[in-house]
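Undergrad: Have a look at the structure that comes next, please.
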Amino acid sequence: MTITPATEMETTRDMISAFGGYNHTMNCGENEFYMEKNMTSDYYPALAPRRKRKMLFRTGEIYGMYAKNGILLVEDGNLLYTDKEMNDWQIIGQLAKNPKVMCGMGAYVAIWPDKKIFNTNDKTLKDMEASKATAGTVTFSMCTLDGADITPITKAPSIGTVAPQSPKADDLWLDTSSTPHVIKKYTTTWTKITTCSNGAIYWMDTGTTP
């Protein structure tokens with residue numbers, strides 16, 4: 001009887017000096033955990049049982065959530081923010097009740113379609129777009145291309161494809177026979193008034209509607 005001698009296997013020892021943490025992929029390394037079911041690596045380098053699950057709070061309709069130095073949540077139109085431990089929820093402001101798109105930029109979170117910016121440092125919510133508040137009455141008037149005022153309008157201009165009959169000096173006519181329409185002023189004849197570079201007419205509300 002012939003007996004094949006067994007090949008002796010060498011004893012080896014591998015030293016792992018760095019822990020890679022949780023890596024649930026097919027290329028999980030020797031220093032990583034593929035699964036941590038009911039376990040946590042919060043106490044690295046020791047592996048421990050996870051903390052007991054609990055309900056933190058109940059929510060209404062959620063329109064968006066984002067993590068940036070804490071948790072940002074849009075619930076029922078309210079923008080709420082808390083720290084990473086979710087200890088203290090603060091109502092920051094009001095937003096529209098629709099799905100949100102959020103993007104982090106440094107300490108800021110941009111929120112669309114509301115066009116708002118949230119600062120996670122001082123917890124302020126501002127508009128993206130520039131705005132100007134006025135205390136007085138705002139009025140508009142028509143002007144020429146170079147910014148000169150057109151004679152104040154005392155009556156609504158005539159509108160049509162045919163020039164008005166029996167016009168008076170300084171009467172205005174919105175000629176709709178061509179596109180874009182042309183605003184004209186009567187002196188001795190009807191003269192075109194250019195109000196913008198492309199020849200289009202922009203009518204500003206001065207209390208009389210053309």
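The chains in the structure tokens are called A, B, ... from first to last as shown; in each chain the residues are counted from 1, and the ligands are counted from 1 in the order shown.
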Please identify all polymer residues within 7 Å of segment 67-74 of chain A, counting only C-alpha atoms, omitting same-chain residues fewer than 5 positions from it, and present them as a short mmCIF file (atom, residue, chain, number, x, y, z; two decimals) with N, CA and C atoms, in the first residue's frame.
TA:
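The resulting file, part-v6.cif, is shown below:
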```
data_model
loop_
_atom_site.label_atom_id
_atom_site.label_comp_id
_atom_site.auth_asym_id
_atom_site.auth_seq_id
_atom_site.Cartn_x
_atom_site.Cartn_y
_atom_site.Cartn_z
N ILE A 62 -43.49 64.90 5.63
CA ILE A 62 -42.08 65.26 5.45
C ILE A 62 -41.84 65.63 3.99
N LEU A 79 -39.66 74.53 8.82
CA LEU A 79 -38.25 74.15 8.72
C LEU A 79 -37.70 74.00 10.13
N LEU A 80 -37.28 72.77 10.48
CA LEU A 80 -36.78 72.48 11.82
C LEU A 80 -35.31 72.07 11.74
N TYR A 81 -34.58 72.36 12.82
CA TYR A 81 -33.15 72.02 12.87
C TYR A 81 -32.80 71.57 14.28
N THR A 82 -31.90 70.57 14.36
CA THR A 82 -31.42 70.08 15.64
C THR A 82 -29.97 69.66 15.51
N ASP A 83 -29.31 69.44 16.65
CA ASP A 83 -27.92 68.99 16.61
C ASP A 83 -27.86 67.52 16.22
N LYS A 84 -26.65 66.98 16.14
CA LYS A 84 -26.49 65.60 15.68
C LYS A 84 -27.12 64.58 16.61
N GLY A 104 -25.66 71.27 0.40
CA GLY A 104 -24.78 71.86 1.39
C GLY A 104 -23.61 72.58 0.75
N THR A 120 -26.10 77.07 9.22
CA THR A 120 -26.09 76.15 10.35
C THR A 120 -25.31 76.70 11.55
#
```
Undergrad: If we count only C-alpha atoms and set the cut-off at 7 Å, which residues sit around segment 18-21 of chain A, ignoring sequence neighbours fewer than 2 positions away in its own chain? Please answer as a PyMOL selection string.
TA: chain A and resi 16+23+31-33
Undergrad: Using only C-alpha atoms, which residues sit within 10 Å of segment 123-130 of chain A once same-chain residues fewer than 6 positions away are excluded, as a ChimeraX atom specification?
TA: /A:79,81-82,90-94,107-112,114-117
Undergrad: Counting only C-alpha atoms, which of A:Thr194, A:Asn98, A:Ser178, A:Thr4 gets nearest to Asn78 of chain A?
TA: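 Selected residue with least distance to Asn78 of chain A: A:Asn98.
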Undergrad: Distance atom CA of Pro164 of chain A-atom CA of Thr189 of chain A, one decimal place?
TA: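 Interatomic distance here is 11.4 Å.
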Undergrad: Take atom CA of Val162 of chain A and atom CA of Thr191 of chain A and report the distance between them in Å, one decimal.
TA: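 Atom CA of Val162 of chain A sits 14.0 Å away from atom CA of Thr191 of chain A.
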Undergrad: Neighbouring residues of Lys192 of chain A were defined as those with any atom within 8 Å, considering only C-alpha atoms; residues of the same chain fewer than 2 positions away were excluded. Please report them as a list of chain:residue names.
TA: A:Val182, A:Ile183, A:Lys184, A:Lys185, A:Trp190, A:Thr194
Undergrad: Once DSSP has gone over the backbone, tell me which residues of segment 66-112 of chain A are in strand (DSSP E or B), as a VMD selection string.
TA: chain A and resid 66 to 67 71 to 75 78 to 82 90 to 94 101 to 105 108 to 112
Undergrad: Go through A:Val138, A:Thr59, A:Pro157, A:Met35 one by one, measure the shortest atom-to-atom distance of each to Trp89 of chain A using only C-alpha atoms, and give the residue with the smallest value.
TA: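 Ranking A:Val138, A:Thr59, A:Pro157, A:Met35 by distance to Trp89 of chain A, first place goes to A:Thr59.
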Undergrad: I'd like the neighbourhood of Tyr22 of chain A as an mmCIF file with N, CA and C atoms, in the first residue's frame, where a residue qualifies if any of its atoms comes within 12 Å (using only C-alpha atoms), though same-chain residues fewer than 4 positions away should be ignored.
TA:
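So the final result, stored in selection-v2.cif, reads:
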```
data_model
loop_
_atom_site.group_PDB
_atom_site.id
_atom_site.type_symbol
_atom_site.label_atom_id
_atom_site.label_comp_id
_atom_site.auth_asym_id
_atom_site.auth_seq_id
_atom_site.Cartn_x
_atom_site.Cartn_y
_atom_site.Cartn_z
ATOM 1 N N ASN A 27 -15.868 43.699 -1.821
ATOM 2 C CA ASN A 27 -14.415 43.854 -1.671
ATOM 3 C C ASN A 27 -14.043 44.204 -0.230
ATOM 4 N N CYS A 28 -14.787 43.647 0.706
ATOM 5 C CA CYS A 28 -14.519 43.888 2.120
ATOM 6 C C CYS A 28 -13.124 43.359 2.473
ATOM 7 N N GLY A 29 -12.339 44.174 3.160
ATOM 8 C CA GLY A 29 -10.976 43.798 3.510
ATOM 9 C C GLY A 29 -10.893 42.992 4.797
ATOM 10 N N GLU A 30 -9.684 42.480 5.092
ATOM 11 C CA GLU A 30 -9.491 41.673 6.293
ATOM 12 C C GLU A 30 -9.654 42.496 7.565
ATOM 13 N N ASN A 31 -9.447 43.775 7.460
ATOM 14 C CA ASN A 31 -9.556 44.630 8.641
ATOM 15 C C ASN A 31 -10.900 45.352 8.706
ATOM 16 N N GLU A 32 -11.922 44.810 8.004
ATOM 17 C CA GLU A 32 -13.239 45.427 7.976
ATOM 18 C C GLU A 32 -14.308 44.393 8.311
ATOM 19 N N PHE A 33 -15.446 44.867 8.799
ATOM 20 C CA PHE A 33 -16.583 43.995 9.092
ATOM 21 C C PHE A 33 -17.573 44.063 7.941
ATOM 22 N N TYR A 34 -17.942 42.885 7.425
ATOM 23 C CA TYR A 34 -18.947 42.833 6.368
ATOM 24 C C TYR A 34 -20.345 43.030 6.951
ATOM 25 N N MET A 35 -20.565 42.547 8.167
ATOM 26 C CA MET A 35 -21.861 42.698 8.821
ATOM 27 C C MET A 35 -21.652 43.096 10.274
ATOM 28 N N GLU A 36 -22.586 43.887 10.778
ATOM 29 C CA GLU A 36 -22.573 44.265 12.189
ATOM 30 C C GLU A 36 -23.989 44.193 12.744
ATOM 31 N N LYS A 37 -24.685 43.124 12.436
ATOM 32 C CA LYS A 37 -26.070 43.005 12.866
ATOM 33 C C LYS A 37 -26.167 43.071 14.385
ATOM 34 N N MET A 39 -24.866 45.010 16.280
ATOM 35 C CA MET A 39 -23.593 45.384 16.883
ATOM 36 C C MET A 39 -23.258 46.816 16.471
ATOM 37 N N THR A 40 -22.316 47.411 17.161
ATOM 38 C CA THR A 40 -21.894 48.767 16.844
ATOM 39 C C THR A 40 -20.388 48.904 17.012
ATOM 40 N N SER A 41 -19.805 49.750 16.190
ATOM 41 C CA SER A 41 -18.374 50.049 16.312
ATOM 42 C C SER A 41 -18.167 51.422 16.948
ATOM 43 N N ASP A 42 -19.199 51.909 17.658
ATOM 44 C CA ASP A 42 -19.084 53.205 18.334
ATOM 45 C C ASP A 42 -17.978 53.203 19.380
ATOM 46 N N TYR A 44 -15.059 51.646 19.207
ATOM 47 C CA TYR A 44 -13.803 51.193 18.603
ATOM 48 C C TYR A 44 -12.621 51.511 19.527
ATOM 49 N N LEU A 47 -15.831 45.993 19.882
ATOM 50 C CA LEU A 47 -17.123 45.797 19.238
ATOM 51 C C LEU A 47 -18.143 45.541 20.335
#
```
Undergrad: For a quick check of understanding, using only C-alpha atoms, which of A:Met142, A:Ala96, A:Asp149, A:His181 has the smallest distance to Thr161 of chain A?
TA: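 Among the listed residues, A:His181 lies closest to Thr161 of chain A.
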Undergrad: Nearest to Lys100 of chain A among A:Tyr66, A:Asn87, A:Thr176, A:Asp122, with distances taken over only C-alpha atoms: which residue is it?
TA: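 Among the listed residues, A:Tyr66 lies closest to Lys100 of chain A.
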Undergrad: Hey, can you check how far atom CA of Met65 of chain A sits from atom CA of Met102 of chain A?
TA: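 We find that atom CA of Met65 of chain A and atom CA of Met102 of chain A lie 8.0 Å from each other.
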Undergrad: Which one is closest to Leu174 of chain A: A:Thr134, A:Ser158, A:Thr187, A:Thr2? Count only C-alpha atoms.
TA: A:Ser158
Undergrad: Hey, which of A:Met55, A:Leu95, A:Ile193, A:Met26 ends up closest to Asp146 of chain A? Count only C-alpha atoms.
TA: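 Nearest candidate to Asp146 of chain A out of A:Met55, A:Leu95, A:Ile193, A:Met26: A:Ile193.
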